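Quick notes on the structure that follows.
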Amino acid sequence: MIRLGPAGSPLKSTLDGIRYLKKINLDAMEVEFTYGVRMKNELAKKIGELAEKLEIKLSVHAPYYINLASKDKEKIEASKKRILDSCERAHYLKASHVVFHSGFYGELDKEKCYNTIKKGITEIQDEIKSKKLKTKLAPETTGKTSQFGSLNELLRMRDETKCNVCIDFAHLHARDGEINYSDVFNQLQDLKHIHSHFSGIEFSEKGEKRHLVMEKKDFILLAREILKRNIDITIICESPVTWKDSLEMKRIIDELKNEKNNN
Ligand SMILES: [Zn+2]
């Protein structure tokens, strides 16, 4: 199954936003805690119940200001708290993935950075377990070469800590300067379900500069590979026109399916 939907609610009230997504036939949404986790658990619960009833799959994006590899212990603890607060809301939202950007290499070499972040992730997982929260951490593939989060690093993290992952295709494209979807999906073969992000992207040799409105030709490459392999995937759109591009993705997928059926 392919689920599509925006990063963030299309309307000011998240409850109204979810009803609207149902109306326009989208079936996923990422609740964004970009600048802080301010939603009350009570509201999260209401949103979770409505989304379940309307069959909209929810995920959560933790705040951007997170660095599990900081030199400063206090910053690591503050990052862990932001992720854990997001997990608590995710539990009430019945959201399976708590997406976050893990941190920066800074002065650490890549192996040391990996181990520092792994320690943070394992400690948060222990808290999730002891609080009986029903959700999983999903570190995201990141777009800048200064950020931890290449596909290899995240797949290793998944193997070693059993976390989920979030595959941001635009970030992989920006990080490596190119993207070959066949190669990427070959590496994702053990994942039963793929949680992903897509948008257009502007980048330099240092990676991501900013997210852009999606280009049809870019999405077609991804969509063809998904259909060819019959992949079970959620694609959250992070372009500046989130839900409109989600609808565009839906149109493109339907077009490709019709093309296939007519051949
Ligand atoms: Zn993303």
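Scheme for the structure tokens: letters A, B, ... for chains in order shown; per-chain residue numbers from 1; ligand numbers from 1 in order shown.
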
Quiz item: Counting only C-alpha atoms and all ligand atoms, which protein, DNA or RNA residues come within 12 Å of ligand 1, given as a count of residues only?
Solution: 48

Exercise. May I have all residues of stretch 23-185 of chain A that DSSP, computed from the backbone, assigns to strand (DSSP E), given as a PyMOL selection string?
Key: chain A and resi 28-32+57-61+97-100+136-139+166-168

Self-check item: Selection: 8 Å around stretch 17-26 of chain A, only C-alpha atoms, excl. self and same-chain fewer than 6 positions, as a list in words
Solution: Arg3, Leu4, Gly5, Ser9, Pro10, Leu11, Leu50, Ala51, Leu54, Ile56, Ser246 and Leu247 of chain A

Self-check item: Closest of A:Gln147, A:Asn41, A:Arg89, A:Tyr35 to A:Pro63 - atom-to-atom distances counting only C-alpha atoms
Solution: A:Tyr35

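Closest to A:Asn230 among A:Asp218, A:Phe185, A:Glu255, A:Cys87 is A:Phe185, based on only C-alpha atoms.
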
Quiz item: Residues at most 12 Å from A:Lys132, counting only C-alpha atoms, excluding those fewer than 3 positions away in the same chain, as a ChimeraX atom specification?
Solution: /A:87-88,91-92,125-129,135-136

Exercise. Check the DSSP output for the backbone and give back, as JSON, numbers by chain, the residues of stretch 49-165 of chain A in helix (DSSP H, G or I).
Key: {"A": [49, 50, 51, 52, 53, 73, 74, 75, 76, 77, 78, 79, 80, 81, 82, 83, 84, 85, 86, 87, 88, 89, 90, 91, 92, 93, 110, 111, 112, 113, 114, 115, 116, 117, 118, 119, 120, 121, 122, 123, 124, 125, 126, 127, 128, 129, 130, 151, 152, 153, 154, 155, 156, 157, 158, 159, 160, 161]}

Quiz item: Counting only C-alpha atoms, what is within 9 Å of A:Ser204, bar same-chain residues fewer than 5 positions away, as a PyMOL selection string?
Solution: chain A and resi 174-175+177+209

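Across the model, the gap from atom CA of A:Lys192 to atom CA of A:His97 is 13.9 Å.
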
Quiz prompt | Close residues, A:His193 itself excluded, 9 Å, only C-alpha atoms, min 4 positions apart in chain, as JSON, numbers by chain | solution = {"A": [231, 232, 233, 234]}

Would you mind exporting N, CA and C atoms of the selected residues as a short mmCIF file (atom, residue, chain, number, x, y, z; two decimals), in the first residue's frame?
data_model
loop_
_atom_site.label_atom_id
_atom_site.label_comp_id
_atom_site.auth_asym_id
_atom_site.auth_seq_id
_atom_site.Cartn_x
_atom_site.Cartn_y
_atom_site.Cartn_z
N ILE A 231 6.03 -1.81 -3.31
CA ILE A 231 6.54 -1.49 -1.97
C ILE A 231 5.45 -0.90 -1.08
N ASP A 232 5.45 -1.34 0.19
CA ASP A 232 4.54 -0.81 1.19
C ASP A 232 5.20 0.43 1.81
N ILE A 233 4.64 1.60 1.55
CA ILE A 233 5.36 2.83 1.90
C ILE A 233 4.41 3.96 2.30
N THR A 234 4.86 4.78 3.22
CA THR A 234 4.19 6.06 3.52
C THR A 234 5.11 7.16 3.02
#

Report as CSV the residues of stretch 91-184 of chain A within 12 Å of stretch 72-79 of chain A, each with its shortest atom pair and distance in Å (one decimal), using only C-alpha atoms, ordered by chain and increasing residue number.
residue,atom,partner,partner_atom,distance
A:Phe100,CA,A:Ser79,CA,10.1
A:His101,CA,A:Ser79,CA,10.4
A:Ser102,CA,A:Ser79,CA,9.0
A:Gly103,CA,A:Ser79,CA,9.3
A:Phe104,CA,A:Ile76,CA,11.6
A:Gly106,CA,A:Asp72,CA,11.5
A:Thr116,CA,A:Ile76,CA,9.8
A:Ile117,CA,A:Ile76,CA,9.4
A:Lys119,CA,A:Ile76,CA,10.6
A:Gly120,CA,A:Ile76,CA,7.8
A:Ile121,CA,A:Ser79,CA,10.6
A:Glu123,CA,A:Glu77,CA,10.4
A:Ile124,CA,A:Glu77,CA,10.2

Restrict the selected residues to N, CA and C atoms and save them as a compact mmCIF listing (two decimals), in the first residue's frame.
# COMPACT_ATOMS: atom_id res chain seq x y z
N PHE A 100 13.30 12.15 13.79
CA PHE A 100 14.16 13.25 14.26
C PHE A 100 15.50 13.22 13.53
N HIS A 101 16.14 14.40 13.50
CA HIS A 101 17.50 14.50 12.95
C HIS A 101 18.43 14.30 14.15
N SER A 102 19.27 13.27 14.08
CA SER A 102 19.98 12.84 15.29
C SER A 102 21.03 13.83 15.81
N GLY A 103 21.77 14.48 14.90
CA GLY A 103 22.80 15.39 15.39
C GLY A 103 23.88 15.66 14.36
N PHE A 104 24.94 16.33 14.83
CA PHE A 104 26.04 16.76 13.96
C PHE A 104 27.34 16.06 14.36
N GLY A 106 30.28 17.43 14.24
CA GLY A 106 31.13 18.38 14.98
C GLY A 106 32.57 17.97 14.86
N THR A 116 28.15 7.73 20.06
CA THR A 116 27.52 8.69 20.96
C THR A 116 26.02 8.74 20.71
N ILE A 117 25.64 8.78 19.44
CA ILE A 117 24.22 8.85 19.11
C ILE A 117 23.52 7.54 19.46
N LYS A 119 24.23 5.61 21.89
CA LYS A 119 24.03 5.62 23.33
C LYS A 119 22.76 6.42 23.67
N GLY A 120 22.62 7.59 23.06
CA GLY A 120 21.43 8.41 23.29
C GLY A 120 20.16 7.67 22.88
N ILE A 121 20.19 7.05 21.74
CA ILE A 121 19.02 6.33 21.24
C ILE A 121 18.65 5.17 22.18
N GLU A 123 19.30 4.90 25.34
CA GLU A 123 18.77 5.43 26.61
C GLU A 123 17.32 5.88 26.44
N ILE A 124 17.01 6.51 25.32
CA ILE A 124 15.61 6.93 25.09
C ILE A 124 14.72 5.69 24.95

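Across the structure, atom CA of A:Glu259 and atom CA of A:Ile179 are spaced 24.3 Å apart.
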
Quiz prompt | Best match for closeness to A:Asp85 among A:Ile2, A:Leu133, A:Val37, A:Leu43, counting only C-alpha atoms | solution = A:Val37

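Proximity ranking of A:Ile83, A:Ile226, A:Leu221, A:Ile66 relative to A:Ile194 places A:Ile226 first, based on only C-alpha atoms.
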